Amino acid sequence: MTHRDRHSLGSVVAVALATSLLALFVLPILALVASTTPAAFVRAVGDPAVRLSVAFTLYASAVALALSVVLGVPLGYLLARRSFRGRGVVESIVGLPVVVPHLVAGLALLFLFAPNTPVGRLFQWAGVPVFGTFVGVVLVMTYVSASYTVLASQLSFRAVDERLLESARSLGATRSQAFATLTFPLALRGIVAGALLTWARSVSEIGGFLILAYTVYPGPGYAGPVTSPVSVYVYNLYQLGDLPGTAAVASLFVLIAFGLFLTIRWLEHSGLLPWDGRALSR
């Protein structure tokens, strides 16, 4: 077998394996969409309760994402660029929420913020209730998803060639200037990828909500009607045995999420983001 034949065979195997995984991604979504009816989908789109649940979930996940980025990117930078005692322990702590089951995360937050605990009493004293509130939803989302921003930021900052920074400093740039003009721009694409994973993990959460914020009442950060995160809303419909309605609401949110990812890819390949996605795809 010639080198070209081996290369062709390897390409065929790679395509077959990749196609199998893509099929695993796509086929369940197609089955979900096919399980609803046009009438049920139209009812879901027009249902004020569904729209409220979807809007609330997008709002809460945006706040959780902002918190994750503001708090997670600096931590990722420190883990990538600073050597300190106990860094391995910190890295292990950062990765822990990724592997903790959903219900365990909810239980952990329950035992931390219960009204009879010091933290719970502190939040109650400050007038910031956690259970059944917007704050509880954001806490759950941030807890289960912020690790992705930290880990992606760490890898992105670590991938920046130190020689580029040394060259910039040798030309008179301060450490802050080198970070602003080189380190952060070069790491930005990876940070954004981590932020997308953070958002996706936020909106897919359910276990923590079932314990901490099954139903959301008006409170700090949210003054609207009583609602629930969309994952809980879908779960309730499933519990009621309304499979077409369940599939309709789930399909609606899947389409919204897919549209968001497509928009980001379009912006990337249109050159409207701070990196050139067209060059990366060639």
# chains A, B, ... in the order shown; residues from 1 in each chain; ligands from 1
$ residues_around --residues "Thr37 (chain A)" --least-positions-apart "3" --cutoff "10 Å" --atoms "only C-alpha atoms" --output "number ranges by chain"
A: 33-34, 40-43, 244-245, 247-248
$ closest_residue --among "A:Leu196, A:Ala18, A:Leu122, A:Ile211" --to "Ala257 (chain A)" --atoms "only C-alpha atoms"
A:Leu196
$ closest_residue --among "A:Tyr214, A:Tyr238, A:Phe134, A:Trp199" --to "Ser68 (chain A)" --atoms "only C-alpha atoms"
A:Trp199
$ residues_around --residues "region 127-133 of chain A" --least-positions-apart "4" --cutoff "7 Å" --atoms "only C-alpha atoms" --output "VMD selection string"
chain A and resid 123 137 212 to 220
$ write_last_selection --atoms "C-alpha atoms" --output "mmCIF file, in the first residue's frame"
data_model
loop_
_atom_site.group_PDB
_atom_site.id
_atom_site.type_symbol
_atom_site.label_atom_id
_atom_site.label_comp_id
_atom_site.auth_asym_id
_atom_site.auth_seq_id
_atom_site.Cartn_x
_atom_site.Cartn_y
_atom_site.Cartn_z
ATOM 1 C CA PHE A 123 -28.376 36.800 52.498
ATOM 2 C CA VAL A 137 -31.279 30.684 39.412
ATOM 3 C CA LEU A 212 -33.110 25.669 44.686
ATOM 4 C CA ALA A 213 -35.423 27.449 42.230
ATOM 5 C CA TYR A 214 -38.154 25.142 40.931
ATOM 6 C CA THR A 215 -40.534 28.097 40.739
ATOM 7 C CA VAL A 216 -39.265 31.658 40.464
ATOM 8 C CA TYR A 217 -41.062 34.449 42.293
ATOM 9 C CA PRO A 218 -40.499 38.210 41.969
ATOM 10 C CA GLY A 219 -37.514 39.474 43.905
ATOM 11 C CA PRO A 220 -34.155 41.219 43.495
#
$ select_by_dssp --residues "region 66-242 of chain A" --states "strand (DSSP E or B)" --output "PyMOL selection string"
chain A and resi 216+219+222+227
$ select_by_dssp --residues "region 68-190 of chain A" --states "helix (DSSP H, G or I)" --output "ChimeraX atom specification"
/A:68-81,87-99,102-113,118-125,134-159,162-170,175-190
$ atom_distance --atom1 "CA of Ser92 (chain A)" --atom2 "CA of Val150 (chain A)"
11.8 Å
$ closest_atom_pairs --of "region 85-164 of chain A" --to "region 69-74 of chain A" --cutoff "12 Å" --atoms "only C-alpha atoms" --output "CSV"
residue,atom,partner,partner_atom,distance
A:Val94,CA,A:Gly72,CA,9.6
A:Thr142,CA,A:Val69,CA,10.0
A:Tyr143,CA,A:Gly72,CA,11.2
A:Ser145,CA,A:Gly72,CA,10.3
A:Ala146,CA,A:Gly72,CA,6.5
A:Ser147,CA,A:Gly72,CA,7.4
A:Tyr148,CA,A:Gly72,CA,8.6
A:Thr149,CA,A:Gly72,CA,5.8
A:Val150,CA,A:Gly72,CA,4.7
A:Leu151,CA,A:Gly72,CA,8.5
A:Ala152,CA,A:Val73,CA,8.7
A:Ser153,CA,A:Val73,CA,5.7
A:Gln154,CA,A:Val73,CA,7.8
A:Leu155,CA,A:Val73,CA,10.9
A:Ser156,CA,A:Val73,CA,10.1
A:Phe157,CA,A:Val73,CA,9.5
$ write_last_selection --atoms "N, CA and C atoms" --output "PDB file, in the first residue's frame"
ATOM      1  N   VAL A  94     -11.513  24.245  40.438  1.00  0.00           N
ATOM      2  CA  VAL A  94     -12.166  24.848  39.272  1.00  0.00           C
ATOM      3  C   VAL A  94     -12.826  23.777  38.414  1.00  0.00           C
ATOM      4  N   THR A 142     -24.320  29.951  37.524  1.00  0.00           N
ATOM      5  CA  THR A 142     -22.908  30.334  37.630  1.00  0.00           C
ATOM      6  C   THR A 142     -22.084  29.191  38.202  1.00  0.00           C
ATOM      7  N   TYR A 143     -22.626  28.528  39.217  1.00  0.00           N
ATOM      8  CA  TYR A 143     -21.885  27.446  39.853  1.00  0.00           C
ATOM      9  C   TYR A 143     -21.569  26.320  38.864  1.00  0.00           C
ATOM     10  N   SER A 145     -21.515  26.402  35.555  1.00  0.00           N
ATOM     11  CA  SER A 145     -21.012  26.742  34.221  1.00  0.00           C
ATOM     12  C   SER A 145     -19.745  27.581  34.191  1.00  0.00           C
ATOM     13  N   ALA A 146     -19.444  28.304  35.263  1.00  0.00           N
ATOM     14  CA  ALA A 146     -18.312  29.240  35.213  1.00  0.00           C
ATOM     15  C   ALA A 146     -16.980  28.536  34.980  1.00  0.00           C
ATOM     16  N   SER A 147     -16.892  27.266  35.347  1.00  0.00           N
ATOM     17  CA  SER A 147     -15.627  26.533  35.155  1.00  0.00           C
ATOM     18  C   SER A 147     -15.192  26.531  33.700  1.00  0.00           C
ATOM     19  N   TYR A 148     -16.145  26.486  32.780  1.00  0.00           N
ATOM     20  CA  TYR A 148     -15.784  26.451  31.364  1.00  0.00           C
ATOM     21  C   TYR A 148     -15.078  27.740  30.946  1.00  0.00           C
ATOM     22  N   THR A 149     -15.528  28.859  31.472  1.00  0.00           N
ATOM     23  CA  THR A 149     -14.852  30.125  31.157  1.00  0.00           C
ATOM     24  C   THR A 149     -13.454  30.143  31.744  1.00  0.00           C
ATOM     25  N   VAL A 150     -13.321  29.668  32.981  1.00  0.00           N
ATOM     26  CA  VAL A 150     -12.005  29.655  33.626  1.00  0.00           C
ATOM     27  C   VAL A 150     -11.048  28.746  32.861  1.00  0.00           C
ATOM     28  N   LEU A 151     -11.485  27.531  32.557  1.00  0.00           N
ATOM     29  CA  LEU A 151     -10.610  26.569  31.887  1.00  0.00           C
ATOM     30  C   LEU A 151     -10.234  27.023  30.484  1.00  0.00           C
ATOM     31  N   ALA A 152     -11.205  27.561  29.743  1.00  0.00           N
ATOM     32  CA  ALA A 152     -10.906  28.047  28.394  1.00  0.00           C
ATOM     33  C   ALA A 152      -9.969  29.248  28.447  1.00  0.00           C
ATOM     34  N   SER A 153     -10.176  30.136  29.408  1.00  0.00           N
ATOM     35  CA  SER A 153      -9.294  31.295  29.550  1.00  0.00           C
ATOM     36  C   SER A 153      -7.878  30.857  29.907  1.00  0.00           C
ATOM     37  N   GLN A 154      -7.787  29.899  30.811  1.00  0.00           N
ATOM     38  CA  GLN A 154      -6.468  29.404  31.204  1.00  0.00           C
ATOM     39  C   GLN A 154      -5.713  28.836  30.004  1.00  0.00           C
ATOM     40  N   LEU A 155      -6.371  27.990  29.238  1.00  0.00           N
ATOM     41  CA  LEU A 155      -5.723  27.400  28.068  1.00  0.00           C
ATOM     42  C   LEU A 155      -5.362  28.463  27.039  1.00  0.00           C
ATOM     43  N   SER A 156      -6.228  29.452  26.848  1.00  0.00           N
ATOM     44  CA  SER A 156      -5.987  30.491  25.849  1.00  0.00           C
ATOM     45  C   SER A 156      -4.823  31.390  26.248  1.00  0.00           C
ATOM     46  N   PHE A 157      -4.786  31.783  27.496  1.00  0.00           N
ATOM     47  CA  PHE A 157      -3.671  32.623  27.962  1.00  0.00           C
ATOM     48  C   PHE A 157      -2.354  31.847  27.945  1.00  0.00           C
TER      49      PHE A 157
END
$ decode --residues "region 161-189 of chain A" --atoms "C-alpha atoms" --output "PDB file, in the first residue's frame"
ATOM      1  CA  ASP A 161       3.763  32.740  23.006  1.00  0.00           C
ATOM      2  CA  GLU A 162       5.836  34.253  25.792  1.00  0.00           C
ATOM      3  CA  ARG A 163       8.412  35.370  23.230  1.00  0.00           C
ATOM      4  CA  LEU A 164       5.892  37.801  21.747  1.00  0.00           C
ATOM      5  CA  LEU A 165       5.379  39.381  25.142  1.00  0.00           C
ATOM      6  CA  GLU A 166       9.115  39.590  25.743  1.00  0.00           C
ATOM      7  CA  SER A 167       9.533  41.311  22.364  1.00  0.00           C
ATOM      8  CA  ALA A 168       6.798  43.814  23.203  1.00  0.00           C
ATOM      9  CA  ARG A 169       8.371  44.602  26.559  1.00  0.00           C
ATOM     10  CA  SER A 170      11.802  44.956  24.948  1.00  0.00           C
ATOM     11  CA  LEU A 171      10.270  47.610  22.683  1.00  0.00           C
ATOM     12  CA  GLY A 172       9.117  49.600  25.687  1.00  0.00           C
ATOM     13  CA  ALA A 173       5.619  48.241  26.324  1.00  0.00           C
ATOM     14  CA  THR A 174       4.590  47.934  29.934  1.00  0.00           C
ATOM     15  CA  ARG A 175       3.147  44.714  31.260  1.00  0.00           C
ATOM     16  CA  SER A 176      -0.342  46.225  31.100  1.00  0.00           C
ATOM     17  CA  GLN A 177       0.175  47.428  27.531  1.00  0.00           C
ATOM     18  CA  ALA A 178       1.478  44.018  26.456  1.00  0.00           C
ATOM     19  CA  PHE A 179      -1.584  42.392  28.003  1.00  0.00           C
ATOM     20  CA  ALA A 180      -4.009  44.809  26.333  1.00  0.00           C
ATOM     21  CA  THR A 181      -2.407  44.717  22.876  1.00  0.00           C
ATOM     22  CA  LEU A 182      -1.129  41.132  22.667  1.00  0.00           C
ATOM     23  CA  THR A 183      -2.142  38.698  25.381  1.00  0.00           C
ATOM     24  CA  PHE A 184      -5.844  39.462  25.593  1.00  0.00           C
ATOM     25  CA  PRO A 185      -6.506  39.838  21.828  1.00  0.00           C
ATOM     26  CA  LEU A 186      -4.688  36.578  21.097  1.00  0.00           C
ATOM     27  CA  ALA A 187      -6.584  34.754  23.842  1.00  0.00           C
ATOM     28  CA  LEU A 188      -9.956  36.312  23.042  1.00  0.00           C
ATOM     29  CA  ARG A 189     -11.201  33.654  20.635  1.00  0.00           C
TER      30      ARG A 189
END
